[in-house]
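Q: If it helps, the file is called data-v6.cif and holds mmCIF, C-alpha atoms and all ligand atoms:
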data_entry
loop_
_atom_site.label_atom_id
_atom_site.label_comp_id
_atom_site.auth_asym_id
_atom_site.auth_seq_id
_atom_site.Cartn_x
_atom_site.Cartn_y
_atom_site.Cartn_z
CA MET A 1 -24.03 18.09 13.39
CA SER A 2 -20.73 16.75 12.04
CA THR A 3 -20.57 14.88 8.73
CA PRO A 4 -20.59 11.07 9.22
CA ALA A 5 -17.17 9.53 8.51
CA SER A 6 -18.68 7.38 5.74
CA VAL A 7 -19.55 10.42 3.60
CA ARG A 8 -16.77 12.81 4.61
CA PRO A 9 -14.70 13.74 1.52
CA LEU A 10 -11.41 11.86 1.45
CA SER A 11 -8.37 13.88 2.37
CA ILE A 12 -5.55 12.27 0.41
CA PRO A 13 -1.93 13.21 1.18
CA THR A 14 0.22 14.47 -1.68
CA THR A 15 3.82 14.54 -2.82
CA THR A 16 5.52 16.50 -5.60
CA LEU A 17 6.94 15.60 -8.97
CA ARG A 18 10.32 16.98 -10.06
CA ASP A 19 8.79 20.17 -11.49
CA GLY A 20 7.18 20.93 -8.13
CA SER A 21 3.65 20.00 -9.21
CA THR A 22 1.49 18.15 -6.71
CA ILE A 23 0.40 14.53 -7.10
CA PRO A 24 -1.73 12.47 -4.67
CA LEU A 25 0.08 9.69 -2.83
CA ILE A 26 -3.00 7.49 -3.25
CA GLY A 27 -4.51 7.05 -6.71
CA PHE A 28 -6.96 4.64 -8.25
CA GLY A 29 -6.01 1.62 -10.42
CA THR A 30 -8.37 0.40 -13.13
CA SER A 31 -6.87 -2.70 -14.75
CA GLY A 32 -9.39 -5.45 -15.36
CA MET A 33 -12.33 -3.04 -15.19
CA LYS A 34 -14.41 -2.73 -18.34
CA GLY A 35 -17.58 -1.08 -19.64
CA THR A 36 -20.22 0.32 -17.32
CA ALA A 37 -18.59 -1.32 -14.29
CA ALA A 38 -15.46 0.72 -15.02
CA VAL A 39 -17.46 3.93 -15.60
CA ASP A 40 -19.26 3.44 -12.27
CA ALA A 41 -16.11 2.53 -10.33
CA VAL A 42 -14.21 5.55 -11.63
CA ALA A 43 -17.15 7.91 -11.03
CA SER A 44 -17.48 6.55 -7.49
CA ALA A 45 -13.74 6.82 -6.77
CA VAL A 46 -13.47 10.38 -8.11
CA GLY A 47 -16.75 11.32 -6.44
CA SER A 48 -15.41 10.21 -3.07
CA GLY A 49 -12.15 12.14 -3.45
CA TYR A 50 -9.59 10.24 -5.57
CA ARG A 51 -7.77 12.69 -7.83
CA LEU A 52 -5.25 10.39 -9.57
CA LEU A 53 -6.35 7.67 -12.01
CA ASP A 54 -4.33 4.93 -13.67
CA THR A 55 -5.32 3.40 -16.99
CA ALA A 56 -3.49 2.15 -20.10
CA ALA A 57 -4.17 1.62 -23.79
CA GLN A 58 -3.66 -2.08 -23.02
CA TYR A 59 -6.50 -2.17 -20.47
CA GLY A 60 -9.17 -1.46 -23.11
CA ASN A 61 -10.99 0.86 -20.70
CA GLU A 62 -9.74 4.37 -21.50
CA ALA A 63 -13.14 5.43 -22.88
CA ALA A 64 -14.82 4.18 -19.71
CA VAL A 65 -12.28 5.97 -17.50
CA GLY A 66 -12.88 9.25 -19.35
CA GLN A 67 -16.63 8.78 -19.02
CA GLY A 68 -16.29 8.02 -15.31
CA VAL A 69 -14.42 11.30 -14.79
CA ARG A 70 -17.18 13.20 -16.60
CA ASP A 71 -19.93 11.34 -14.69
CA SER A 72 -18.27 12.18 -11.36
CA GLY A 73 -19.10 15.86 -11.87
CA VAL A 74 -15.65 16.80 -10.58
CA PRO A 75 -13.94 19.41 -12.80
CA ARG A 76 -11.52 17.84 -15.27
CA ALA A 77 -8.73 20.16 -14.10
CA ASP A 78 -8.91 18.64 -10.59
CA VAL A 79 -8.13 15.07 -11.74
CA LEU A 80 -4.79 13.67 -12.91
CA VAL A 81 -5.29 10.98 -15.56
CA THR A 82 -2.44 8.57 -16.28
CA THR A 83 -2.30 6.36 -19.34
CA LYS A 84 0.40 4.19 -20.88
CA VAL A 85 1.85 3.54 -24.32
CA ALA A 86 1.30 -0.13 -25.23
CA GLY A 87 4.18 -2.33 -26.40
CA GLY A 88 2.79 -2.43 -29.94
CA ASP A 89 2.76 1.37 -30.08
CA GLN A 90 6.46 1.81 -29.35
CA GLY A 91 8.59 3.74 -31.85
CA ARG A 92 8.51 7.42 -32.79
CA GLU A 93 5.46 7.83 -34.99
CA ALA A 94 3.59 4.84 -33.55
CA ALA A 95 3.93 6.33 -30.04
CA ARG A 96 2.62 9.70 -31.22
CA ARG A 97 -0.36 7.99 -32.85
CA GLY A 98 -0.82 5.79 -29.76
CA VAL A 99 -1.02 8.81 -27.44
CA GLU A 100 -3.37 10.62 -29.83
CA GLU A 101 -5.62 7.53 -29.89
CA SER A 102 -5.57 7.37 -26.07
CA LEU A 103 -6.64 11.03 -25.93
CA ARG A 104 -9.48 10.35 -28.36
CA ARG A 105 -10.70 7.36 -26.32
CA LEU A 106 -10.40 9.25 -23.04
CA GLY A 107 -12.26 12.19 -24.59
CA LEU A 108 -9.52 14.60 -23.48
CA ASP A 109 -7.41 17.14 -25.34
CA ARG A 110 -4.49 16.70 -22.93
CA VAL A 111 -3.46 13.85 -20.67
CA ASP A 112 -1.69 14.51 -17.39
CA ILE A 113 0.76 11.61 -17.20
CA VAL A 114 1.88 9.22 -19.94
CA LEU A 115 4.11 6.24 -19.19
CA ILE A 116 5.84 3.69 -21.43
CA HIS A 117 4.02 0.58 -20.16
CA TRP A 118 6.91 -1.93 -20.38
CA PRO A 119 10.38 -1.50 -21.90
CA ASN A 120 9.93 -4.54 -24.22
CA PRO A 121 13.68 -4.67 -24.94
CA SER A 122 13.32 -7.18 -27.79
CA ARG A 123 11.96 -4.36 -29.96
CA GLY A 124 14.82 -1.96 -29.19
CA LEU A 125 12.39 0.97 -29.39
CA PHE A 126 12.07 2.27 -25.85
CA VAL A 127 14.59 5.10 -26.28
CA GLU A 128 12.87 6.56 -29.35
CA THR A 129 9.50 6.10 -27.64
CA TRP A 130 10.89 8.12 -24.73
CA GLU A 131 12.11 10.83 -27.12
CA MET A 132 8.59 11.06 -28.51
CA LEU A 133 7.06 11.42 -25.03
CA LEU A 134 9.44 14.33 -24.40
CA GLU A 135 8.33 15.90 -27.70
CA LEU A 136 4.66 15.46 -26.81
CA ARG A 137 5.32 17.05 -23.42
CA ALA A 138 7.02 20.03 -25.11
CA GLU A 139 3.98 20.35 -27.39
CA GLY A 140 1.64 20.34 -24.37
CA LEU A 141 -0.29 17.20 -25.35
CA ILE A 142 0.89 15.54 -22.13
CA SER A 143 1.88 17.23 -18.89
CA HIS A 144 4.25 14.64 -17.40
CA ALA A 145 6.34 11.90 -19.02
CA GLY A 146 7.32 8.72 -17.23
CA VAL A 147 7.77 4.99 -17.56
CA SER A 148 6.68 1.76 -15.95
CA ASN A 149 8.57 -1.41 -15.12
CA PHE A 150 11.95 0.12 -16.03
CA ARG A 151 15.01 -1.19 -14.22
CA PRO A 152 17.81 1.21 -13.17
CA GLU A 153 19.94 0.37 -16.21
CA GLN A 154 16.98 0.90 -18.54
CA LEU A 155 16.31 4.30 -16.91
CA THR A 156 19.98 5.13 -17.38
CA ALA A 157 19.71 4.31 -21.10
CA LEU A 158 16.91 6.90 -21.40
CA HIS A 159 18.95 9.50 -19.55
CA ASP A 160 22.09 8.76 -21.58
CA ALA A 161 20.18 9.32 -24.82
CA THR A 162 18.24 12.45 -23.86
CA GLY A 163 19.67 13.95 -20.65
CA GLU A 164 16.18 13.52 -19.12
CA TRP A 165 15.17 11.10 -16.38
CA PRO A 166 11.50 10.03 -16.38
CA GLU A 167 9.41 12.00 -13.89
CA LEU A 168 7.89 8.81 -12.51
CA ASN A 169 8.47 5.04 -12.69
CA GLN A 170 5.50 2.79 -11.90
CA ILE A 171 6.82 -0.53 -10.60
CA GLN A 172 5.55 -3.69 -8.92
CA LEU A 173 5.91 -2.94 -5.21
CA SER A 174 4.31 -4.07 -1.95
CA PRO A 175 5.60 -5.29 1.44
CA ALA A 176 6.26 -8.60 -0.36
CA LEU A 177 8.43 -6.78 -2.94
CA PRO A 178 9.88 -3.68 -1.22
CA ARG A 179 12.28 -2.81 -4.11
CA LEU A 180 14.75 -0.99 -1.87
CA ARG A 181 17.44 -0.64 -4.53
CA GLU A 182 15.02 0.70 -7.16
CA VAL A 183 13.39 3.20 -4.79
CA SER A 184 16.75 4.59 -3.71
CA PHE A 185 17.89 4.85 -7.37
CA HIS A 186 14.71 6.79 -8.13
CA GLU A 187 15.28 9.11 -5.15
CA GLU A 188 18.83 9.77 -6.28
CA HIS A 189 17.58 10.92 -9.71
CA GLY A 190 14.38 12.76 -8.77
CA ILE A 191 12.10 10.04 -10.16
CA ALA A 192 8.83 9.53 -8.24
CA THR A 193 8.09 5.87 -7.43
CA GLU A 194 4.56 4.62 -7.99
CA ALA A 195 3.53 1.13 -6.83
CA TRP A 196 1.37 -1.18 -8.93
CA GLY A 197 -0.06 -4.27 -7.24
CA PRO A 198 0.44 -2.42 -3.93
CA LEU A 199 -1.77 -4.90 -2.04
CA GLY A 200 0.49 -7.81 -3.00
CA GLY A 201 -2.40 -10.11 -4.02
CA ARG A 202 -0.26 -11.86 -6.63
CA GLU A 203 2.30 -12.62 -3.91
CA GLY A 204 -0.26 -13.97 -1.42
CA LEU A 205 0.22 -11.04 0.95
CA PHE A 206 -3.35 -11.02 2.33
CA SER A 207 -2.82 -14.43 3.95
CA GLN A 208 0.40 -13.42 5.72
CA PHE A 209 0.08 -13.64 9.48
CA ALA A 210 2.42 -10.68 10.09
CA LEU A 211 0.19 -8.40 8.04
CA GLN A 212 -3.00 -9.75 9.61
CA ARG A 213 -1.61 -9.26 13.11
CA ILE A 214 -0.80 -5.58 12.53
CA ALA A 215 -4.18 -5.01 10.84
CA ALA A 216 -6.04 -6.68 13.75
CA ARG A 217 -4.23 -4.53 16.33
CA LEU A 218 -5.11 -1.34 14.44
CA ASP A 219 -8.60 -2.61 13.55
CA VAL A 220 -8.07 -1.90 9.84
CA ASP A 221 -7.85 -3.93 6.60
CA PRO A 222 -4.55 -5.69 5.82
CA ALA A 223 -4.75 -3.71 2.55
CA GLN A 224 -4.61 -0.45 4.51
CA VAL A 225 -1.46 -1.60 6.32
CA SER A 226 0.28 -2.34 3.00
CA LEU A 227 -0.75 1.03 1.60
CA ARG A 228 0.34 2.97 4.71
CA TRP A 229 3.71 1.21 4.65
CA ALA A 230 4.31 2.44 1.07
CA VAL A 231 2.93 5.95 1.60
CA ASP A 232 5.20 6.35 4.65
CA ARG A 233 8.11 5.75 2.26
CA GLY A 234 6.87 8.57 -0.03
CA ILE A 235 5.69 6.05 -2.62
CA ILE A 236 2.53 6.72 -4.65
CA VAL A 237 0.08 3.78 -4.55
CA ILE A 238 -2.74 3.01 -7.00
CA PRO A 239 -4.93 0.30 -5.42
CA LYS A 240 -7.81 -0.94 -7.53
CA SER A 241 -11.22 -1.80 -6.11
CA THR A 242 -14.67 -2.05 -7.64
CA ASP A 243 -16.19 -1.79 -4.15
CA PRO A 244 -16.98 1.81 -3.01
CA ASP A 245 -16.37 0.93 0.67
CA ARG A 246 -12.96 -0.54 -0.08
CA GLN A 247 -12.17 2.44 -2.31
CA ARG A 248 -12.79 4.72 0.67
CA ARG A 249 -10.87 2.58 3.15
CA ASN A 250 -7.89 2.30 0.79
CA ALA A 251 -7.65 6.08 0.74
CA SER A 252 -8.37 6.60 4.48
CA LEU A 253 -5.08 5.85 6.16
CA GLU A 254 -5.00 8.55 8.87
CA SER A 255 -5.63 6.04 11.67
CA VAL A 256 -3.10 3.53 10.33
CA VAL A 257 -0.02 4.47 12.32
CA LEU A 258 2.79 1.96 11.97
CA THR A 259 5.48 1.51 14.59
CA ASP A 260 9.13 0.59 14.01
CA GLY A 261 8.18 -2.88 15.27
CA ASP A 262 5.47 -3.13 12.60
CA ARG A 263 7.95 -2.09 9.92
CA ALA A 264 10.45 -4.69 11.15
CA LEU A 265 7.72 -7.35 10.98
CA LEU A 266 6.70 -6.26 7.47
CA ALA A 267 10.35 -6.44 6.38
CA THR A 268 10.21 -10.20 7.01
CA LEU A 269 7.68 -10.52 4.17
CA ASP A 270 10.24 -9.59 1.49
CA LEU A 271 10.20 -12.37 -1.12
CA GLY A 272 13.24 -10.99 -2.90
CA GLU A 273 13.85 -9.36 -6.25
CA ASP A 274 13.59 -12.75 -8.02
CA ARG A 275 9.81 -12.64 -7.59
CA VAL A 276 9.47 -9.36 -9.50
CA TRP A 277 8.27 -9.57 -13.11
CA ASP A 278 11.62 -9.05 -14.83
CA SER A 279 11.38 -6.47 -17.62
CA ARG A 280 14.55 -7.79 -19.26
CA VAL A 281 12.48 -10.80 -20.33
CA HIS A 282 8.82 -10.11 -19.48
CA GLU A 283 7.19 -8.07 -22.26
CA GLU A 284 3.63 -6.82 -22.70
CA TRP A 285 1.84 -5.65 -25.82
N1 LIG B 301 2.30 -0.89 -14.97
C1 LIG B 301 1.96 -2.15 -14.92
O1 LIG B 301 2.58 -3.02 -15.54
C2 LIG B 301 0.81 -2.55 -14.04
C3 LIG B 301 0.60 -3.92 -13.77
C4 LIG B 301 -0.50 -4.24 -12.95
C5 LIG B 301 -1.31 -3.25 -12.42
N2 LIG B 301 -1.09 -1.93 -12.75
C6 LIG B 301 -1.94 -0.83 -12.21
O2 LIG B 301 -1.90 -0.91 -10.80
C7 LIG B 301 -3.23 -0.99 -10.30
C8 LIG B 301 -3.27 -1.77 -8.99
O3 LIG B 301 -2.76 -3.05 -9.19
P1 LIG B 301 -3.69 -4.35 -9.20
O4 LIG B 301 -5.06 -3.94 -9.65
O5 LIG B 301 -2.98 -5.37 -10.00
O6 LIG B 301 -3.67 -4.85 -7.73
P2 LIG B 301 -4.05 -4.25 -6.28
O7 LIG B 301 -4.61 -2.89 -6.39
O8 LIG B 301 -2.86 -4.46 -5.43
O9 LIG B 301 -5.17 -5.26 -5.79
C9 LIG B 301 -6.43 -5.27 -6.35
C10 LIG B 301 -7.20 -6.46 -5.78
O10 LIG B 301 -7.33 -6.31 -4.37
C11 LIG B 301 -8.72 -6.26 -4.01
N3 LIG B 301 -8.86 -5.24 -2.97
C12 LIG B 301 -8.83 -3.89 -3.13
N4 LIG B 301 -8.95 -3.25 -1.95
C13 LIG B 301 -9.08 -4.22 -1.00
C14 LIG B 301 -9.24 -4.19 0.40
N5 LIG B 301 -9.29 -3.04 1.09
N6 LIG B 301 -9.31 -5.39 1.05
C15 LIG B 301 -9.24 -6.56 0.36
N7 LIG B 301 -9.10 -6.64 -0.97
C16 LIG B 301 -9.01 -5.48 -1.66
C17 LIG B 301 -9.47 -5.94 -5.29
O11 LIG B 301 -10.74 -6.55 -5.31
P3 LIG B 301 -12.11 -5.71 -5.48
O12 LIG B 301 -12.01 -4.95 -6.78
O13 LIG B 301 -13.16 -6.77 -5.49
O14 LIG B 301 -12.20 -4.81 -4.27
C18 LIG B 301 -8.57 -6.58 -6.35
O15 LIG B 301 -8.86 -7.95 -6.47
C19 LIG B 301 -3.99 -1.64 -11.46
O16 LIG B 301 -5.39 -1.54 -11.33
C20 LIG B 301 -3.39 -0.92 -12.63
O17 LIG B 301 -3.99 0.36 -12.77
C21 LIG B 301 -0.02 -1.57 -13.53
#
The structure in this file should be written as structure tokens.

A:
Amino acid sequence: MSTPASVRPLSIPTTTLRDGSTIPLIGFGTSGMKGTAAVDAVASAVGSGYRLLDTAAQYGNEAAVGQGVRDSGVPRADVLVTTKVAGGDQGREAARRGVEESLRRLGLDRVDIVLIHWPNPSRGLFVETWEMLLELRAEGLISHAGVSNFRPEQLTALHDATGEWPELNQIQLSPALPRLREVSFHEEHGIATEAWGPLGGREGLFSQFALQRIAARLDVDPAQVSLRWAVDRGIIVIPKSTDPDRQRRNASLESVVLTDGDRALLATLDLGEDRVWDSRVHEEW
């Protein structure tokens, strides 16, 4: 008898980072999750097949994420854990201490991916924070170094100072904010693009008729259409859900086959770059 679809292990497509290592195109976001709810959600996501997790010092849930990985029973080596250096931990020694504290909370002796959470340009510390991430990578405390919410000129400042582009930039991206210029800049420099807020909830995407119409034709969630659209562009997505059924559907996109007509319709949802949280002025701590 074949395994029912509801319990079949997820088969998540992958892409590669610049060094050739594999990374899932669909990961699991955890912002806003705390305590036992976070432990359970992470254990359920990893248990059903997610192998890429996204947390941050700022989320206050790193300990719960680490516990969820252990509770899942899946070997540590099979899961990529991402965390982020908080704004208040920027600067050489503060960033080192920040990453060490993240490791302690996660209960890990090495973290797979570390990102600078926001550039926070008012502090003028993102270049030295980047230099520290490169040092920590050379020491083996972190496997991959990247950033989040960096604009092309901020990425260029990192490269000018160190000769190294980040391996990954996690940016706000959904059919409402397609970020064409940023994605093509990343491609040009071997930087993987990862989408936060990939379901576009902040931009009211769920209520868009164009998205609903495509989802109804394919008999899938509007969320799955948004995720497929990004994955088809080679973009890593990290949808968050506390609901095990939604977690599975968000990572089950095989039947979501978009046509050129669908993509043209989705292109009409672009709200423009002005709606993106602008990291020249928006800062987080
Ligand atoms: N780097 C940054 O600055 C930054 C900023 C924001 C977020 N992030 C990361 O990106 C992750 C994802 O972003 P996000 O959490 O803001 O937004 P998101 O993943 O786009 O959307 C999450 C919301 O959509 C709902 N949802 C999930 N799957 C659904 C489905 N199939 N149908 C309908 N609703 C669904 C969730 O509710 P339920 O939980 O009830 O299912 C939740 O309210 C975060 O968790 C975090 O890890 C990074």

Q: I need the residue nearest A:Arg123 from this list: A:Asp270, A:Glu188, A:Glu203, A:Asp89. Use all atoms listed in the file for the distance.

A: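 Counting all atoms listed in the file, the residue closest to A:Arg123 is A:Asp89.
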
Q: I need the residue nearest A:Glu283 from this list: A:Asn120, A:Thr156, A:Ala176, A:Gly190. Use all atoms listed in the file for the distance.

A: A:Asn120

Q: Residues at most 6 Å from ligand LIG 301 (chain B), using only C-alpha atoms and all ligand atoms? Could they come as a PyMOL selection string?

A: chain A and resi 29-31+54-55+117+148+170+196-201+221+223+238-243+246+250

Q: Go through A:Ala216, A:Gly32, A:Glu284, A:Ala192 and flag the residue nearest A:Gly20, using all atoms listed in the file for the distances.

A: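 Of the candidates, the smallest distance to A:Gly20 is held by A:Ala192.
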
Q: So how far away is atom CA of A:Leu180 from atom CA of A:Ala57, in Å?

A: 29.1 Å

Q: Kindly provide, as a PDB file with C-alpha atoms, keeping the file's coordinate frame, the polymer residues lying within 7 Å of (2.0, 15.1, -14.5), counting all atoms listed in the file and using the coordinates exactly as they appear in the file.

A:
ATOM      1  CA  ASP A 112      -1.690  14.510 -17.390  1.00  0.00           C
ATOM      2  CA  ILE A 113       0.760  11.610 -17.200  1.00  0.00           C
ATOM      3  CA  SER A 143       1.880  17.230 -18.890  1.00  0.00           C
ATOM      4  CA  HIS A 144       4.250  14.640 -17.400  1.00  0.00           C
TER       5      HIS A 144
END

Q: By how many Å are atom CA of A:Ile142 and atom CA of A:Gln172 apart?

A: 23.8 Å

Q: Please determine the residues with any atom at most 6 Å from (6.3, -6.1, -16.3) (coordinates as given in the file, with all atoms listed in the file counting) and report them as a CSV table (one decimal) with C-alpha atoms, in the frame of the given file.

A:
chain,number,residue,atom,x,y,z
A,118,TRP,CA,6.9,-1.9,-20.4
A,149,ASN,CA,8.6,-1.4,-15.1
A,277,TRP,CA,8.3,-9.6,-13.1
A,279,SER,CA,11.4,-6.5,-17.6
A,282,HIS,CA,8.8,-10.1,-19.5

Q: In Å, with one decimal, what is the gap from atom CA of A:Asp232 to atom CA of A:Thr14?

A: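 Atom CA of A:Thr14 lies at a distance of 11.4 Å from atom CA of A:Asp232.
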
Q: Excluding A:Thr15 and its own-chain neighbours fewer than 6 positions away, which residues fall within 7 Å of it when counting only C-alpha atoms? Please give them as JSON, numbers by chain.

A: {"A": [22, 23, 24, 25]}

Q: Taking into account only C-alpha atoms, which residue in the set A:Val281, A:Val147, A:Ala161, A:Val42 is nearest to A:Ala64?

A: A:Val42

Q: At a cut-off of 8 Å, using all atoms listed in the file, what residues contact stretch 43-50 of chain A? Leave out same-chain residues fewer than 2 positions from it and give the result as a list in words.

A: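 Here the qualifying residues turn out to be Val7, Pro9, Leu10, Ser11, Ile12, Ile26, Gly27, Phe28, Val39, Asp40, Ala41, Leu52, Leu53, Gly68, Val69, Arg70, Asp71, Ser72, Gly73, Val74, Val79, Pro244, Gln247, Arg248 and Ala251 of chain A.
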
Q: Using all atoms listed in the file, which of the listed residues (A:Arg8, A:Ser255, A:Leu17, A:Glu135) sits closest to A:His186?

A: A:Leu17

Q: Using all atoms listed in the file, which of A:Pro121, A:Val237, A:Val256, A:Leu173 sits nearest A:Arg275?

A: A:Leu173

Q: Can you tell me which residues surround A:Gln58 at a distance of at most 10 Å, considering all atoms listed in the file, apart from same-chain residues fewer than 5 positions away, and format the answer as a list in words?

A: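 Contacts, in chain order: Ser31, Thr83, Lys84, Val85, Ala86, Gly87, Gly88, His117, Glu284 and Trp285 of chain A.
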
Q: Quick one: everything within 9 Å of A:Ala267, counting only C-alpha atoms, minus sequence neighbours fewer than 3 positions away in the same chain. Send it as a VMD selection string.

A: chain A and resid 175 to 176 178 262 to 264 270

Q: Show me, as number ranges by chain, the residues that have an atom within 6 Å of stretch 90-105 of chain A when counting all atoms listed in the file, minus same-chain residues fewer than 4 positions from it.

A: A: 62-63, 125, 128-129, 132
